[in-house]
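As stored in structure24.cif (mmCIF, C-alpha atoms):
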```cif
data_data
loop_
_atom_site.label_atom_id
_atom_site.label_comp_id
_atom_site.auth_asym_id
_atom_site.auth_seq_id
_atom_site.Cartn_x
_atom_site.Cartn_y
_atom_site.Cartn_z
CA PHE A 2 -1.35 -36.10 -19.82
CA SER A 3 -0.36 -34.39 -16.60
CA PHE A 4 2.04 -31.65 -15.59
CA GLU A 5 3.02 -30.85 -12.03
CA CYS A 6 4.85 -27.89 -10.54
CA ASN A 7 5.80 -27.17 -6.96
CA THR A 8 4.46 -24.08 -5.26
CA HIS A 9 5.09 -22.61 -1.82
CA PRO A 10 4.56 -25.18 1.00
CA ASN A 11 1.27 -23.78 2.30
CA PHE A 12 -0.18 -23.23 -1.17
CA PRO A 13 -1.95 -26.02 -3.01
CA LEU A 14 0.03 -28.07 -5.49
CA CYS A 15 -0.94 -27.11 -9.01
CA TYR A 16 -1.30 -29.68 -11.71
CA TYR A 17 -2.65 -29.76 -15.24
CA LYS A 18 -4.79 -32.75 -16.10
CA TYR A 19 -6.06 -33.85 -19.49
CA ARG A 20 -9.84 -33.90 -19.78
CA LYS A 21 -11.67 -36.12 -22.27
CA TYR A 22 -14.59 -33.72 -22.34
CA HIS A 23 -14.39 -30.07 -23.27
CA HIS A 24 -13.55 -27.74 -20.37
CA THR A 25 -10.79 -25.36 -21.36
CA ILE A 26 -9.60 -22.62 -18.98
CA TYR A 27 -8.21 -20.37 -21.73
CA LEU A 28 -4.54 -20.74 -20.92
CA GLN A 29 -3.26 -20.51 -24.47
CA ASP A 30 -3.25 -16.70 -24.73
CA THR A 31 -1.67 -16.41 -21.29
CA LEU A 32 1.10 -18.83 -22.14
CA ARG A 33 1.84 -17.12 -25.42
CA SER A 34 2.43 -13.87 -23.54
CA SER A 35 5.23 -15.50 -21.53
CA SER A 36 8.51 -17.04 -22.58
CA LEU A 37 6.92 -20.49 -22.72
CA SER A 38 6.02 -22.00 -26.06
CA ILE A 39 3.56 -24.61 -24.79
CA HIS A 40 0.11 -25.26 -26.22
CA PHE A 41 -2.52 -27.21 -24.32
CA VAL A 42 -5.88 -28.48 -25.49
CA ASP A 43 -8.81 -29.19 -23.14
CA ILE A 44 -6.90 -28.69 -19.92
CA GLU A 45 -8.34 -28.36 -16.46
CA ILE A 46 -6.30 -26.53 -13.86
CA SER A 47 -6.81 -28.00 -10.41
CA TYR A 48 -5.48 -26.61 -7.16
CA PRO A 49 -6.51 -29.03 -4.39
CA ALA A 50 -7.26 -27.10 -1.22
CA ARG A 51 -5.22 -27.71 1.91
CA SER A 52 -6.71 -27.62 5.36
CA HIS A 53 -5.63 -24.44 7.12
CA ARG A 54 -6.62 -24.53 10.78
CA ILE A 55 -6.41 -21.35 12.79
CA SER A 56 -5.75 -21.50 16.51
CA THR A 57 -7.66 -19.42 19.05
CA SER A 58 -4.72 -17.04 19.37
CA GLN A 59 -4.64 -16.61 15.58
CA LYS A 60 -8.39 -15.88 15.53
CA ASN A 61 -7.86 -13.14 18.08
CA LYS A 62 -5.03 -11.77 15.97
CA VAL A 63 -7.33 -11.63 12.93
CA LYS A 64 -9.44 -9.02 14.72
CA THR A 65 -6.52 -6.64 15.07
CA MET A 66 -4.37 -7.53 12.01
CA LYS A 67 -6.79 -7.80 9.15
CA VAL A 68 -4.92 -6.54 6.09
CA LEU A 69 -1.37 -7.25 4.98
CA VAL A 70 -0.18 -5.01 2.14
CA ILE A 71 2.33 -6.85 -0.07
CA ILE A 72 4.72 -4.94 -2.33
CA VAL A 73 7.19 -6.74 -4.58
CA SER A 74 10.05 -4.37 -5.36
CA TYR A 75 12.92 -4.17 -7.82
CA ASN A 76 14.77 -0.86 -8.03
CA PHE A 77 11.96 0.67 -6.00
CA GLU A 78 13.75 3.85 -4.93
CA ARG A 79 12.09 6.14 -7.48
CA TRP A 80 8.60 5.46 -6.04
CA ILE A 81 9.30 4.71 -2.38
CA ASP A 82 7.99 7.96 -0.95
CA ARG A 83 4.83 8.08 -3.05
CA CYS A 84 4.02 4.40 -2.52
CA LEU A 85 4.94 3.90 1.14
CA GLY A 86 3.97 7.47 1.99
CA SER A 87 0.43 6.81 0.77
CA LEU A 88 0.18 3.72 2.99
CA ARG A 89 1.15 5.81 6.02
CA GLN A 90 -1.90 7.96 5.26
CA SER A 91 -4.31 5.01 5.10
CA GLU A 92 -7.40 5.63 7.19
CA TYR A 93 -7.63 1.89 7.85
CA PRO A 94 -4.84 0.31 9.95
CA ILE A 95 -2.58 -1.98 7.92
CA ASP A 96 0.64 -3.92 8.08
CA THR A 97 3.00 -3.74 5.12
CA ILE A 98 5.69 -6.07 3.84
CA VAL A 99 8.13 -5.28 1.03
CA ILE A 100 9.67 -8.27 -0.72
CA ASP A 101 12.73 -7.01 -2.51
CA ASN A 102 14.00 -8.88 -5.56
CA ALA A 103 17.76 -8.24 -5.41
CA PRO A 104 17.83 -4.62 -6.66
CA LYS A 105 20.74 -2.50 -7.84
CA ASP A 106 19.69 0.69 -6.03
CA GLN A 107 19.41 1.79 -2.40
CA THR A 108 15.90 0.43 -1.79
CA ILE A 109 16.77 -1.63 1.27
CA GLN A 110 18.78 1.12 2.92
CA ARG A 111 16.05 3.72 2.26
CA ILE A 112 13.32 1.55 3.72
CA GLN A 113 15.36 0.68 6.79
CA LYS A 114 16.20 4.34 7.38
CA ASP A 115 12.97 6.16 6.46
CA TYR A 116 10.24 3.52 6.87
CA PRO A 117 11.20 1.40 9.89
CA GLU A 118 7.61 0.22 10.32
CA ILE A 119 7.83 -1.72 7.04
CA ARG A 120 8.59 -5.41 7.23
CA LEU A 121 11.32 -6.22 4.72
CA ILE A 122 12.41 -9.42 3.00
CA ALA A 123 15.55 -9.04 0.89
CA ASN A 124 15.84 -11.86 -1.64
CA ALA A 125 19.30 -12.93 -2.78
CA ASN A 126 17.90 -13.52 -6.28
CA ASN A 127 15.11 -12.04 -8.38
CA LEU A 128 12.19 -14.43 -7.85
CA GLY A 129 9.90 -12.62 -10.26
CA PHE A 130 6.56 -11.03 -9.45
CA GLY A 131 4.45 -14.10 -8.72
CA GLN A 132 6.77 -16.13 -6.52
CA ALA A 133 7.80 -13.07 -4.50
CA ASN A 134 4.14 -12.24 -3.87
CA ASN A 135 3.59 -15.84 -2.81
CA LEU A 136 6.06 -15.30 0.05
CA GLY A 137 3.92 -12.46 1.34
CA MET A 138 0.69 -14.43 0.87
CA GLU A 139 2.17 -17.32 2.84
CA ILE A 140 2.95 -14.95 5.73
CA ALA A 141 -0.63 -13.63 5.61
CA LEU A 142 -2.03 -17.17 5.79
CA THR A 143 0.30 -18.28 8.56
CA GLU A 144 -0.23 -15.21 10.73
CA GLY A 145 -4.01 -15.03 10.51
CA TYR A 146 -4.68 -12.04 8.26
CA THR A 147 -8.13 -11.90 6.68
CA HIS A 148 -7.02 -10.07 3.52
CA VAL A 149 -3.98 -9.25 1.47
CA PHE A 150 -3.67 -6.11 -0.61
CA LEU A 151 -1.22 -6.46 -3.49
CA LEU A 152 0.25 -3.10 -4.43
CA ASN A 153 2.69 -2.45 -7.27
CA GLN A 154 5.90 -0.63 -6.39
CA ASP A 155 5.11 2.08 -8.96
CA ALA A 156 1.65 2.72 -7.51
CA TRP A 157 0.05 4.59 -4.62
CA ILE A 158 -3.44 4.96 -3.16
CA GLU A 159 -5.66 7.51 -1.49
CA PRO A 160 -6.34 7.28 2.28
CA LYS A 161 -9.79 5.67 2.09
CA THR A 162 -8.96 3.05 -0.57
CA ILE A 163 -8.09 0.09 1.64
CA GLY A 164 -10.91 0.64 4.13
CA THR A 165 -13.48 0.99 1.36
CA LEU A 166 -12.34 -2.15 -0.46
CA LEU A 167 -12.24 -4.12 2.78
CA THR A 168 -15.81 -3.13 3.63
CA LEU A 169 -17.01 -4.08 0.15
CA SER A 170 -15.16 -7.38 0.34
CA ARG A 171 -16.98 -8.31 3.52
CA GLN A 172 -20.32 -7.24 2.11
CA HIS A 173 -19.79 -9.16 -1.14
CA PRO A 174 -17.96 -12.44 -0.41
CA SER A 175 -18.49 -13.68 -3.98
CA TYR A 176 -15.79 -11.22 -5.12
CA GLY A 177 -12.34 -12.77 -5.02
CA ILE A 178 -10.51 -9.62 -6.16
CA LEU A 179 -11.48 -6.00 -5.58
CA SER A 180 -9.62 -3.02 -6.99
CA PRO A 181 -9.96 0.77 -7.02
CA VAL A 182 -10.13 2.86 -10.19
CA HIS A 183 -6.65 2.80 -11.76
CA LEU A 184 -5.40 6.28 -12.72
CA THR A 185 -2.20 7.18 -14.51
CA GLY A 186 0.80 8.40 -12.54
CA LYS A 187 -0.24 11.98 -13.26
CA GLY A 188 -3.77 11.23 -12.09
CA ASP A 189 -5.36 13.08 -14.99
CA ARG A 190 -7.12 10.10 -16.61
CA PRO A 191 -7.77 6.38 -16.19
CA ASP A 192 -4.85 4.06 -16.80
CA PRO A 193 -5.20 2.84 -20.43
CA GLY A 194 -5.39 -0.82 -19.45
CA PHE A 195 -8.02 -0.15 -16.79
CA ALA A 196 -9.98 2.07 -19.19
CA HIS A 197 -10.15 -0.89 -21.56
CA TYR A 198 -11.31 -3.36 -18.87
CA ALA A 199 -13.87 -0.95 -17.38
CA HIS A 200 -15.05 0.53 -20.74
CA ILE A 201 -14.46 4.13 -19.69
CA ARG A 202 -12.31 6.87 -21.23
CA GLU A 203 -12.28 9.49 -18.48
CA THR A 204 -13.10 9.73 -14.79
CA GLY A 205 -16.22 11.73 -15.60
CA GLN A 206 -17.69 8.56 -17.07
CA LEU A 207 -17.40 6.57 -13.85
CA PRO A 208 -20.66 4.93 -12.74
CA SER A 209 -22.38 5.87 -9.49
CA GLU A 210 -22.49 2.32 -8.07
CA ASP A 211 -20.27 1.30 -5.16
CA LEU A 212 -19.11 -1.89 -6.85
CA LEU A 213 -19.04 -3.20 -10.41
CA PRO A 214 -17.84 -6.51 -11.90
CA LEU A 215 -14.97 -6.84 -14.37
CA THR A 216 -13.73 -9.80 -16.37
CA PHE A 217 -10.14 -8.86 -15.49
CA VAL A 218 -8.07 -6.16 -13.83
CA ASN A 219 -4.28 -6.13 -13.59
CA ALA A 220 -2.59 -6.80 -10.27
CA ALA A 221 -1.41 -3.25 -9.50
CA PHE A 222 -4.07 -3.03 -6.74
CA TRP A 223 -5.68 -6.29 -5.62
CA MET A 224 -7.63 -6.81 -2.41
CA ILE A 225 -7.97 -10.58 -1.89
CA PRO A 226 -9.51 -12.39 1.09
CA THR A 227 -7.15 -15.03 2.46
CA ASP A 228 -10.05 -17.53 2.36
CA VAL A 229 -9.90 -17.12 -1.41
CA LEU A 230 -6.17 -17.88 -1.41
CA ARG A 231 -6.85 -21.10 0.48
CA LYS A 232 -9.15 -22.24 -2.33
CA VAL A 233 -7.47 -20.77 -5.40
CA GLY A 234 -3.80 -20.85 -4.33
CA GLY A 235 -1.16 -18.26 -5.07
CA PHE A 236 0.49 -17.31 -8.34
CA CYS A 237 1.64 -20.25 -10.45
CA PRO A 238 5.47 -20.32 -10.69
CA LEU A 239 5.28 -21.19 -14.39
CA PHE A 240 4.89 -17.45 -14.96
CA TYR A 241 8.03 -15.55 -13.98
CA HIS A 242 6.81 -12.10 -14.98
CA TYR A 243 3.62 -11.24 -16.89
CA GLY A 244 0.78 -13.67 -17.41
CA GLU A 245 0.58 -14.71 -13.75
CA ASP A 246 -2.29 -12.32 -13.07
CA LYS A 247 -4.30 -13.67 -16.02
CA ASP A 248 -3.70 -17.23 -14.85
CA PHE A 249 -4.80 -16.32 -11.31
CA VAL A 250 -8.01 -14.70 -12.57
CA ASN A 251 -8.75 -17.77 -14.73
CA ARG A 252 -8.50 -19.96 -11.63
CA LEU A 253 -10.58 -17.47 -9.65
CA HIS A 254 -13.39 -17.78 -12.21
CA TYR A 255 -13.04 -21.56 -12.16
CA HIS A 256 -13.83 -21.42 -8.43
CA HIS A 257 -16.87 -19.18 -9.16
CA TYR A 258 -15.46 -15.95 -7.77
CA THR A 259 -15.92 -12.54 -9.39
CA VAL A 260 -13.47 -9.70 -10.07
CA GLY A 261 -14.66 -6.16 -9.43
CA TYR A 262 -13.78 -2.54 -8.76
CA SER A 263 -15.18 0.37 -6.81
CA PRO A 264 -15.69 3.68 -8.67
CA LYS A 265 -15.55 5.41 -5.27
CA VAL A 266 -11.80 5.00 -4.63
CA PHE A 267 -8.64 5.55 -6.66
CA GLY A 268 -5.06 4.47 -7.07
CA ASN A 269 -2.31 5.90 -9.27
CA HIS A 270 -0.17 3.58 -11.40
CA ASP A 271 2.91 5.28 -12.81
CA ARG A 272 3.32 3.19 -15.94
CA GLU A 273 4.26 6.21 -18.05
CA TYR A 274 7.79 6.08 -16.64
#
```

How does the structure come out when it is put into structure tokens?
Amino acid sequence: FSFECNTHPNFPLCYYKYRKYHHTIYLQDTLRSSSLSIHFVDIEISYPARSHRISTSQKNKVKTMKVLVIIVSYNFERWIDRCLGSLRQSEYPIDTIVIDNAPKDQTIQRIQKDYPEIRLIANANNLGFGQANNLGMEIALTEGYTHVFLLNQDAWIEPKTIGTLLTLSRQHPSYGILSPVHLTGKGDRPDPGFAHYAHIRETGQLPSEDLLPLTFVNAAFWMIPTDVLRKVGGFCPLFYHYGEDKDFVNRLHYHHYTVGYSPKVFGNHDREY
């Protein structure tokens, strides 16, 4: 049994191959959370790596353009100032791209007027979260960035977040995803989902370590080295919205990478709205 799906040109082709021996990647729960009603047994997910050569000019560019922040937006206007405003305050220099999924508000006009430094892609159709992020990841790979930082449109960070995560990523290359502590939009407590993953109930319970492993963390704030993307690939287009982050983390573990967070830095995720 095999199943193939096309991904973005510079991402590996994903395929699902039947295995006669037991090696399941726990896709069933992920698939049930989407609109698909497919059940697989003993399936290996393989993403063959593509060679990605970097020219001398690209290597020089890596030194000055290390992090590309990717924001997928849809009716983003409510959070534009908090989200993009926080990136302007980043202590570490960044480039930012907003990939807009055909909104019904004034997102594009607001960004063009008030945030001219932001690179903007306006999609004619709503590509969903995963495929829109893949466009940004492809740009990061093509243009020689060392890391991408995925940031939800309804989220914002403190000034030292990106620099701290970047430093930890370089110090700990076994981590494929690094994230800050996720707070609620009000900032008064940990986001409920993050509290569950990290086994904490309040910020006063945060550990003193610089970095701690997690089995999973949602994609509101993900720092990913582009070398990891070359091995793992981007988001699988089978998942239009929801489930794509779980699938990505499953593949990350398959390639022996770890997910982690730093208790030293914070981001707000306004999911109460």

| message | Applying the PyMOL selection byres ((chain A and resi 163) around 9) to the file I just gave you, which residues come out? Please list them as an MDAnalysis selection string. | response | chainID A and resid 68 91:95 150 158:162 164:168 181 224 266

Export of prior selection with C-alpha atoms as a compact mmCIF listing (two decimals), in the frame of the given file:
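Listing of out32.txt after writing:
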```
# COMPACT_ATOMS: atom_id res chain seq x y z
CA VAL A 68 -4.92 -6.54 6.09
CA SER A 91 -4.31 5.01 5.10
CA GLU A 92 -7.40 5.63 7.19
CA TYR A 93 -7.63 1.89 7.85
CA PRO A 94 -4.84 0.31 9.95
CA ILE A 95 -2.58 -1.98 7.92
CA PHE A 150 -3.67 -6.11 -0.61
CA ILE A 158 -3.44 4.96 -3.16
CA GLU A 159 -5.66 7.51 -1.49
CA PRO A 160 -6.34 7.28 2.28
CA LYS A 161 -9.79 5.67 2.09
CA THR A 162 -8.96 3.05 -0.57
CA GLY A 164 -10.91 0.64 4.13
CA THR A 165 -13.48 0.99 1.36
CA LEU A 166 -12.34 -2.15 -0.46
CA LEU A 167 -12.24 -4.12 2.78
CA THR A 168 -15.81 -3.13 3.63
CA PRO A 181 -9.96 0.77 -7.02
CA MET A 224 -7.63 -6.81 -2.41
CA VAL A 266 -11.80 5.00 -4.63
```

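With the shown file loaded, the PyMOL selection byres ((chain A and resi 222) around 8) picks out Phe150, Leu151, Leu152, Asn153, Ser180, Pro181, Asn219, Ala220, Ala221, Trp223, Met224 and Gly268 of chain A.
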
Restricting the output to C-alpha atoms, write the selected residues as a PDB file, in the frame of the given file.
```pdb
ATOM      1  CA  PHE A 150      -3.670  -6.110  -0.610  1.00  0.00           C
ATOM      2  CA  LEU A 151      -1.220  -6.460  -3.490  1.00  0.00           C
ATOM      3  CA  LEU A 152       0.250  -3.100  -4.430  1.00  0.00           C
ATOM      4  CA  ASN A 153       2.690  -2.450  -7.270  1.00  0.00           C
ATOM      5  CA  SER A 180      -9.620  -3.020  -6.990  1.00  0.00           C
ATOM      6  CA  PRO A 181      -9.960   0.770  -7.020  1.00  0.00           C
ATOM      7  CA  ASN A 219      -4.280  -6.130 -13.590  1.00  0.00           C
ATOM      8  CA  ALA A 220      -2.590  -6.800 -10.270  1.00  0.00           C
ATOM      9  CA  ALA A 221      -1.410  -3.250  -9.500  1.00  0.00           C
ATOM     10  CA  TRP A 223      -5.680  -6.290  -5.620  1.00  0.00           C
ATOM     11  CA  MET A 224      -7.630  -6.810  -2.410  1.00  0.00           C
ATOM     12  CA  GLY A 268      -5.060   4.470  -7.070  1.00  0.00           C
TER      13      GLY A 268
END
```

As a check of understanding: the span from CA of Asp228 (chain A) to CA of Leu215 (chain A) is 20.5 Å

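Rounded to one decimal, CA of Tyr262 (chain A) and CA of Leu179 (chain A) lie 5.2 Å from each other.
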
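Proximity to Val99 (chain A) was assessed for A:Leu85, A:Leu142, A:Ile72, A:Leu184 counting only C-alpha atoms; the smallest distance is recorded for A:Ile72.
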
* To do: Translate the PyMOL selection byres ((chain A and resi 248-255) around 7), as applied to the file shown, into an explicit residue set as a VMD selection string.
  => chain A and resid 26 31 177 217 233 236 244 to 247 256 to 259

Q.
With all atoms listed in the file as the counted atoms, please give the residues lying no more than 8 Å from region 117-128 of chain A, apart from itself and same-chain residues fewer than 3 positions off, as a ChimeraX atom specification.
A. /A:96-103,109,112-114,131-133,241

re CA of Asp106 (chain A) and CA of His270 (chain A): distance 20.8 Å

Taking every listed atom of region 228-232 of chain A and adding 8 Å to each side, what centre and edge lengths in Å (one decimal) does the axis-aligned box have, as lines of an AutoDock Vina configuration file?
```
center_x = -8.1
center_y = -19.7
center_z = 0.0
size_x = 19.9
size_y = 21.1
size_z = 20.7
```

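With all atoms listed in the file as the atoms that count, the minimum distance from Leu207 (chain A) to the choices A:Leu230, A:Val73, A:Val182, A:Met138 is reached by A:Val182.
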
(request) Compute the distance from (11.7, -6.0, -11.1) to each atom, counting only C-alpha atoms, keep the residues with any atom at most 7 Å away, and return them as a PyMOL selection string; use the coordinates of the file. (result) chain A and resi 74-76+102+129

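Between Val260 (chain A) and the candidates A:Lys232, A:His173, A:Lys67, A:Arg83, the tightest atom-to-atom separation, counting only C-alpha atoms, involves A:His173.
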
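Minimum atom-to-atom distance to His183 (chain A), evaluated using only C-alpha atoms, belongs to A:Phe267 out of A:Phe267, A:Ser209, A:Arg79, A:Leu88.
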
Mind checking which residues fall within 12 Å of His200 (chain A), counting all atoms listed in the file, ignoring those fewer than 3 positions away in the same chain, and posting them as an MDAnalysis selection string?
chainID A and resid 182 191:197 203:204 206:208 213:218

Counting all atoms listed in the file, the residue among A:Gly261, A:Gly137, A:Gly86, A:Pro104 that lies closest to Gly235 (chain A) is A:Gly137

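Of the listed residues A:Gln154, A:Thr227, A:Asn269, A:Ser87, the one whose atoms come nearest to Ile178 (chain A) is A:Thr227, with distances taken using only C-alpha atoms.
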